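Structure file structure.csv with CSV, C-alpha atoms:
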```csv
chain,number,residue,atom,x,y,z
A,1486,MET,CA,0.0,0.0,0.0
A,1487,ALA,CA,2.7,2.5,1.0
A,1488,ALA,CA,4.9,1.8,-2.0
A,1489,GLY,CA,2.3,1.3,-4.7
A,1490,SER,CA,0.4,3.7,-6.9
A,1491,GLY,CA,-2.1,3.4,-9.7
A,1492,GLN,CA,-2.7,-0.2,-10.6
A,1493,ARG,CA,-0.3,-1.6,-7.9
A,1494,PHE,CA,-2.2,0.4,-5.2
A,1495,GLY,CA,-5.5,-1.0,-6.5
A,1496,GLU,CA,-4.2,-4.5,-6.5
A,1497,ALA,CA,-3.3,-4.3,-2.9
A,1498,ILE,CA,-6.8,-3.3,-1.7
A,1499,PRO,CA,-8.5,-6.7,-1.8
A,1500,ALA,CA,-5.8,-8.2,0.3
A,1501,VAL,CA,-6.1,-5.5,2.9
A,1502,LEU,CA,-9.9,-5.9,3.1
A,1503,GLU,CA,-9.6,-9.7,3.3
A,1504,GLY,CA,-7.0,-9.3,6.1
A,1505,ALA,CA,-9.4,-7.0,7.9
A,1506,ARG,CA,-12.2,-9.5,7.8
A,1507,ALA,CA,-10.0,-12.2,9.0
A,1508,ALA,CA,-8.6,-10.1,11.9
A,1509,ILE,CA,-12.2,-9.3,13.0
A,1510,ALA,CA,-13.3,-12.9,12.8
A,1511,ARG,CA,-10.2,-14.0,14.8
A,1512,ARG,CA,-10.9,-11.5,17.5
A,1513,ARG,CA,-14.6,-12.5,17.7
A,1514,ALA,CA,-13.4,-16.0,18.4
A,1515,GLU,CA,-10.5,-15.1,20.6
A,1516,PRO,CA,-11.0,-11.6,22.3
A,1517,GLY,CA,-7.9,-9.8,23.4
A,1518,ASP,CA,-6.8,-6.6,25.0
A,1519,ASP,CA,-6.8,-4.5,21.8
A,1520,LEU,CA,-8.7,-2.0,19.7
A,1521,LEU,CA,-10.4,-4.6,17.5
A,1522,THR,CA,-11.9,-6.4,20.5
A,1523,ASP,CA,-13.1,-3.0,21.9
A,1524,LEU,CA,-14.8,-2.2,18.6
A,1525,ILE,CA,-16.4,-5.6,18.4
A,1526,ARG,CA,-17.8,-5.2,22.0
A,1527,ALA,CA,-19.0,-1.7,21.1
A,1528,GLN,CA,-20.8,-3.1,18.0
A,1529,ASP,CA,-22.4,-5.9,20.1
A,1530,ASP,CA,-23.4,-3.6,22.9
A,1531,ASP,CA,-24.9,-1.0,20.5
A,1532,GLY,CA,-27.2,-3.4,18.8
A,1533,GLY,CA,-25.2,-3.6,15.6
A,1534,ARG,CA,-25.3,0.1,14.8
A,1535,LEU,CA,-21.7,-0.3,13.6
A,1536,SER,CA,-22.1,-2.5,10.6
A,1537,ASP,CA,-19.7,-5.2,9.5
A,1538,THR,CA,-18.8,-3.1,6.5
A,1539,GLU,CA,-18.0,-0.1,8.8
A,1540,MET,CA,-15.9,-2.4,11.0
A,1541,VAL,CA,-13.8,-3.4,7.9
A,1542,THR,CA,-13.6,0.2,6.9
A,1543,MET,CA,-12.3,1.1,10.3
A,1544,VAL,CA,-9.4,-1.4,10.0
A,1545,TRP,CA,-8.8,0.0,6.5
A,1546,ASN,CA,-8.4,3.5,8.0
A,1547,LEU,CA,-6.0,2.2,10.6
A,1548,VAL,CA,-3.9,0.6,7.9
A,1549,LEU,CA,-3.7,3.9,6.0
A,1550,ALA,CA,-3.3,6.0,9.1
A,1551,GLY,CA,0.0,7.9,9.3
A,1552,GLN,CA,0.6,8.2,5.5
A,1553,THR,CA,-0.1,12.0,5.6
A,1554,PRO,CA,2.5,13.0,8.2
A,1555,ILE,CA,5.1,10.6,6.9
A,1556,ASN,CA,4.9,12.2,3.4
A,1557,LEU,CA,4.4,15.7,4.7
A,1558,ILE,CA,7.5,15.5,6.9
A,1559,ALA,CA,9.7,14.3,3.9
A,1560,ASN,CA,8.2,16.9,1.6
A,1561,ALA,CA,8.7,19.7,4.2
A,1562,VAL,CA,12.4,18.7,4.8
A,1563,HIS,CA,12.9,18.8,1.0
A,1564,VAL,CA,11.3,22.2,0.7
A,1565,LEU,CA,13.1,23.7,3.7
A,1566,LEU,CA,16.5,22.5,2.6
A,1567,SER,CA,15.8,23.8,-0.9
A,1568,HIS,CA,14.9,27.3,0.6
A,1569,PRO,CA,17.8,28.2,2.9
A,1570,ASP,CA,16.3,31.6,3.8
A,1571,HIS,CA,13.1,29.9,5.1
A,1572,LEU,CA,15.1,27.2,6.9
A,1573,ALA,CA,17.2,29.9,8.6
A,1574,ARG,CA,14.1,31.8,9.7
A,1575,LEU,CA,12.5,28.7,11.2
A,1576,ARG,CA,15.7,27.9,13.1
A,1577,ALA,CA,15.8,31.5,14.4
A,1578,GLU,CA,12.1,31.6,15.3
A,1579,PRO,CA,11.1,28.1,16.4
A,1580,GLU,CA,7.8,29.6,17.8
A,1581,LEU,CA,6.8,29.8,14.1
A,1582,MET,CA,6.6,26.0,13.8
A,1583,PRO,CA,2.8,25.6,14.2
A,1584,ARG,CA,2.1,28.2,11.5
A,1585,ALA,CA,5.0,26.8,9.4
A,1586,VAL,CA,3.4,23.3,9.4
A,1587,GLU,CA,0.1,24.8,8.1
A,1588,GLU,CA,1.9,26.7,5.4
A,1589,LEU,CA,4.0,23.6,4.4
A,1590,MET,CA,0.8,21.6,4.3
A,1591,ARG,CA,-0.7,24.2,1.9
A,1592,TRP,CA,2.5,24.4,-0.1
A,1593,CYS,CA,3.7,20.8,-0.3
A,1594,GLY,CA,1.0,18.7,1.3
A,1595,PRO,CA,1.0,15.2,0.0
A,1596,MET,CA,-2.6,15.1,-1.2
A,1597,LEU,CA,-2.9,16.5,-4.7
A,1598,LEU,CA,-6.3,15.2,-5.8
A,1599,SER,CA,-9.6,14.4,-4.1
A,1600,ILE,CA,-11.2,11.0,-4.3
A,1601,PRO,CA,-13.2,10.8,-7.5
A,1602,ARG,CA,-16.9,11.5,-7.3
A,1603,TYR,CA,-19.3,10.2,-9.9
A,1604,ALA,CA,-22.1,12.2,-11.5
A,1605,ARG,CA,-25.6,10.9,-10.7
A,1606,GLU,CA,-26.9,12.8,-13.7
A,1607,ASP,CA,-25.7,15.0,-16.6
A,1608,VAL,CA,-24.5,18.3,-15.1
A,1609,GLU,CA,-22.6,21.3,-16.4
A,1610,LEU,CA,-19.6,22.5,-14.4
A,1611,PHE,CA,-18.0,25.8,-15.5
A,1612,GLY,CA,-18.9,25.3,-19.1
A,1613,THR,CA,-18.0,21.6,-19.3
A,1614,LEU,CA,-20.7,18.9,-19.5
A,1615,VAL,CA,-20.1,16.0,-17.1
A,1616,HIS,CA,-22.2,13.0,-18.2
A,1617,LYS,CA,-23.9,10.7,-15.8
A,1618,GLY,CA,-21.5,8.1,-14.4
A,1619,GLU,CA,-18.4,10.1,-15.3
A,1620,ALA,CA,-15.8,10.7,-12.6
A,1621,VAL,CA,-14.8,14.1,-11.3
A,1622,SER,CA,-11.8,14.8,-9.1
A,1623,ALA,CA,-11.0,18.2,-7.5
A,1624,SER,CA,-7.4,19.5,-7.5
A,1625,ILE,CA,-6.5,20.0,-3.9
A,1626,ALA,CA,-3.2,21.4,-4.9
A,1627,GLY,CA,-4.9,23.9,-7.1
A,1628,ALA,CA,-7.3,25.0,-4.4
A,1629,ASN,CA,-4.5,25.5,-2.0
A,1630,ARG,CA,-3.0,28.1,-4.4
A,1631,ASP,CA,-6.2,29.8,-5.3
A,1632,PRO,CA,-5.5,33.6,-5.3
A,1633,ARG,CA,-9.1,34.2,-4.3
A,1634,ALA,CA,-8.3,32.5,-1.0
A,1635,PHE,CA,-4.7,33.2,-0.3
A,1636,THR,CA,-2.6,36.4,-0.7
A,1637,ASP,CA,0.5,35.7,-2.9
A,1638,PRO,CA,-0.4,32.0,-3.1
A,1639,GLU,CA,2.7,31.1,-5.1
A,1640,THR,CA,4.9,32.5,-2.3
A,1641,LEU,CA,6.0,30.2,0.6
A,1642,ASP,CA,5.4,32.2,3.8
A,1643,LEU,CA,6.1,30.3,7.0
A,1644,GLY,CA,4.7,33.2,8.9
A,1645,ARG,CA,1.5,33.4,7.0
A,1646,PRO,CA,-0.9,35.1,9.4
A,1647,ALA,CA,-3.3,32.8,11.3
A,1648,GLY,CA,-6.9,33.2,10.5
A,1649,THR,CA,-6.5,33.3,6.7
A,1650,ALA,CA,-8.5,31.0,4.5
A,1651,PRO,CA,-7.9,27.3,5.6
A,1652,HIS,CA,-6.1,25.0,3.2
A,1653,LEU,CA,-7.6,21.8,2.1
A,1654,GLY,CA,-4.6,19.6,2.9
A,1655,PHE,CA,-6.8,17.6,5.3
A,1656,ALA,CA,-9.9,17.8,3.2
A,1657,HIS,CA,-13.1,19.6,4.3
A,1658,GLY,CA,-16.5,19.2,5.9
A,1659,PRO,CA,-17.7,15.6,6.6
A,1660,HIS,CA,-14.6,14.3,4.8
A,1661,PHE,CA,-12.1,16.2,7.1
A,1662,CYS,CA,-9.3,14.0,8.2
A,1663,LEU,CA,-9.9,12.4,11.6
A,1664,GLY,CA,-6.2,12.4,12.3
A,1665,ALA,CA,-5.5,16.0,11.3
A,1666,SER,CA,-4.6,17.1,14.9
A,1667,LEU,CA,-2.3,14.2,15.4
A,1668,ALA,CA,-0.7,14.7,12.0
A,1669,ARG,CA,0.0,18.3,12.8
A,1670,VAL,CA,1.6,17.4,16.2
A,1671,GLN,CA,3.7,14.6,14.6
A,1672,THR,CA,5.0,17.0,11.9
A,1673,GLU,CA,5.8,19.8,14.4
A,1674,VAL,CA,7.7,17.4,16.7
A,1675,ALA,CA,9.6,15.7,13.9
A,1676,LEU,CA,10.7,18.9,12.2
A,1677,THR,CA,11.6,20.6,15.5
A,1678,ALA,CA,13.7,17.6,16.7
A,1679,LEU,CA,15.4,17.2,13.3
A,1680,LEU,CA,16.4,20.9,13.1
A,1681,ARG,CA,17.6,20.9,16.7
A,1682,ARG,CA,19.6,17.7,16.6
A,1683,TYR,CA,21.2,18.3,13.2
A,1684,PRO,CA,22.2,21.9,12.7
A,1685,GLY,CA,24.2,21.0,9.7
A,1686,LEU,CA,21.4,19.1,7.9
A,1687,ALA,CA,21.7,19.7,4.2
A,1688,LEU,CA,20.7,18.1,0.9
A,1689,ALA,CA,23.2,15.5,-0.4
A,1690,ALA,CA,22.1,16.1,-4.0
A,1691,ALA,CA,20.6,18.8,-6.1
A,1692,PRO,CA,17.0,19.6,-5.1
A,1693,HIS,CA,15.6,18.3,-8.4
A,1694,GLU,CA,17.3,14.9,-7.8
A,1695,ALA,CA,15.0,13.9,-4.9
A,1696,ARG,CA,13.0,11.1,-6.5
A,1697,ARG,CA,9.2,11.3,-6.4
A,1698,VAL,CA,7.0,8.2,-6.5
A,1699,PRO,CA,5.1,8.3,-9.8
A,1700,ASP,CA,1.7,8.8,-8.2
A,1701,PRO,CA,-0.6,11.4,-9.8
A,1702,GLY,CA,-2.7,11.8,-6.7
A,1703,THR,CA,0.0,12.0,-4.0
A,1704,TRP,CA,3.2,14.0,-3.7
A,1705,ARG,CA,5.6,11.6,-1.9
A,1706,LEU,CA,9.3,11.1,-2.2
A,1707,PHE,CA,10.9,7.8,-3.0
A,1708,THR,CA,14.4,9.1,-1.9
A,1709,LEU,CA,15.7,12.2,-0.2
A,1710,PRO,CA,19.5,12.0,0.3
A,1711,VAL,CA,20.8,14.3,3.1
A,1712,THR,CA,23.9,14.8,5.1
A,1713,LEU,CA,23.8,15.3,8.8
```

What is this structure when it is put down as structure tokens?
Amino acid sequence: MAAGSGQRFGEAIPAVLEGARAAIARRRAEPGDDLLTDLIRAQDDDGGRLSDTEMVTMVWNLVLAGQTPINLIANAVHVLLSHPDHLARLRAEPELMPRAVEELMRWCGPMLLSIPRYAREDVELFGTLVHKGEAVSASIAGANRDPRAFTDPETLDLGRPAGTAPHLGFAHGPHFCLGASLARVQTEVALTALLRRYPGLALAAAPHEARRVPDPGTWRLFTLPVTL
């Protein structure tokens, strides 16, 4: 799941779902002191309000959990090391870290495209006819650089004032990431510790040589050589 994209990613999904079903069945037969057992008890105590499909989906979410901060941290390190002035400012003003994480999520967040939605009927969007059954995907990266929402959207500003338009790096509304708060804290802690422990941290190759995974929906690095 972590290494694949496109067809390889899709091919991994059935095995994850089957593994989830097997894990739930095993814990029903052999309860333990773990999250799955707690979920099964909650399902039983609540009259089955949590369906079997929702149980499998919960395990799916746990499998995928953590991908956002992992990729955001790598992307952020790459961007900071490629922009020495911003790196120097963050070292000099560590109190900027929470705002810097928000800006880095806007600037180089790993999620580039939304999950496709399918038209229930023919509909026209901004002059383009979308036929019933066709897929539509929103560009999260494009929205995060919308000049109607952000001042100088193409400028990386680690001190961008709080209270400006929120980015869509963690999605929005009912689809807002459940782990957003944790992802923010993880990224803050990781970047703070990395910059503090390794004052000489630098790229070991030209910025453009960092290899990206060929995934059109996610910005994630395959390699990021650095010197400590």

Q.
Measuring between all atoms listed in the file, which one of A:Asp1523, A:Glu1539, A:Asp1700, A:Glu1580 shows the shortest distance to Leu1598 in chain A?
A.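 Among the listed residues, A:Asp1700 lies closest to Leu1598 in chain A.
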
Q.
Between CA of Glu1588 in chain A and CA of His1693 in chain A, what is the distance in Å, rounded to a tenth?
A.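 Separation of CA of Glu1588 in chain A and CA of His1693 in chain A: 21.2 Å.
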
Q: May I have the residues within 10 Å of range 1589-1592 of chain A as an NGL selection string, using all atoms listed in the file and disregarding those fewer than 6 positions away in the same chain?
A: :A and (1553-1554 or 1557-1558 or 1560-1562 or 1564-1565 or 1625-1630 or 1638-1643 or 1651-1655 or 1669 or 1672)

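CA of Ala1647 in chain A lies 17.8 Å from CA of His1571 in chain A.
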
Q | CA of Val1548 in chain A to CA of Pro1699 in chain A, straight-line distance in Å | A | 21.3 Å

Q) Which polymer residues have any atom within 10 Å of an atom of Ala1695 in chain A, counting all atoms listed in the file, with same-chain residues fewer than 5 positions away left out, as a ChimeraX atom specification? A) /A:1560,1563,1688-1690,1706-1711

Q: Excluding Gly1618 in chain A and any residue of its chain fewer than 3 positions from it, enumerate the residues within 8 Å of it, using only C-alpha atoms, and give them as a list in words.
A: Tyr1603, Ala1604, Arg1605 and Glu1606 of chain A

Would you output that residue set with C-alpha atoms, as a PDB file, in the frame of the given file?
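So result21.pdb came out as:
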```
ATOM      1  CA  TYR A1603     -19.300  10.200  -9.900  1.00  0.00           C
ATOM      2  CA  ALA A1604     -22.100  12.200 -11.500  1.00  0.00           C
ATOM      3  CA  ARG A1605     -25.600  10.900 -10.700  1.00  0.00           C
ATOM      4  CA  GLU A1606     -26.900  12.800 -13.700  1.00  0.00           C
TER       5      GLU A1606
END
```

(Q) Residues within 9 Å of Arg1512 in chain A, please, as a ChimeraX atom specification. Count only C-alpha atoms; anything in the same chain fewer than 3 positions from it doesn't count. (A) /A:1507-1509,1515-1517,1521-1522,1525

Please write C-alpha atoms of range 1569-1607 of chain A, from the structure given just now, as a short mmCIF file (atom, residue, chain, number, x, y, z; two decimals), in the first residue's frame.
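Result file follows (out-v4.cif):
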```
data_model
loop_
_atom_site.label_atom_id
_atom_site.label_comp_id
_atom_site.auth_asym_id
_atom_site.auth_seq_id
_atom_site.Cartn_x
_atom_site.Cartn_y
_atom_site.Cartn_z
CA PRO A 1569 17.83 28.21 2.91
CA ASP A 1570 16.28 31.56 3.85
CA HIS A 1571 13.12 29.90 5.11
CA LEU A 1572 15.14 27.24 6.91
CA ALA A 1573 17.23 29.92 8.63
CA ARG A 1574 14.13 31.80 9.70
CA LEU A 1575 12.55 28.69 11.20
CA ARG A 1576 15.75 27.92 13.10
CA ALA A 1577 15.85 31.48 14.43
CA GLU A 1578 12.14 31.61 15.25
CA PRO A 1579 11.10 28.12 16.44
CA GLU A 1580 7.83 29.56 17.75
CA LEU A 1581 6.76 29.78 14.10
CA MET A 1582 6.61 25.99 13.80
CA PRO A 1583 2.80 25.55 14.15
CA ARG A 1584 2.14 28.19 11.47
CA ALA A 1585 4.99 26.80 9.37
CA VAL A 1586 3.40 23.34 9.40
CA GLU A 1587 0.11 24.80 8.15
CA GLU A 1588 1.91 26.68 5.38
CA LEU A 1589 3.96 23.64 4.41
CA MET A 1590 0.78 21.57 4.28
CA ARG A 1591 -0.66 24.18 1.91
CA TRP A 1592 2.53 24.45 -0.12
CA CYS A 1593 3.73 20.83 -0.34
CA GLY A 1594 1.04 18.72 1.29
CA PRO A 1595 0.98 15.15 -0.02
CA MET A 1596 -2.65 15.09 -1.15
CA LEU A 1597 -2.91 16.46 -4.69
CA LEU A 1598 -6.33 15.22 -5.81
CA SER A 1599 -9.60 14.43 -4.10
CA ILE A 1600 -11.19 11.01 -4.26
CA PRO A 1601 -13.18 10.81 -7.50
CA ARG A 1602 -16.90 11.46 -7.31
CA TYR A 1603 -19.30 10.15 -9.94
CA ALA A 1604 -22.07 12.21 -11.49
CA ARG A 1605 -25.56 10.91 -10.75
CA GLU A 1606 -26.92 12.81 -13.72
CA ASP A 1607 -25.69 15.01 -16.55
#
```
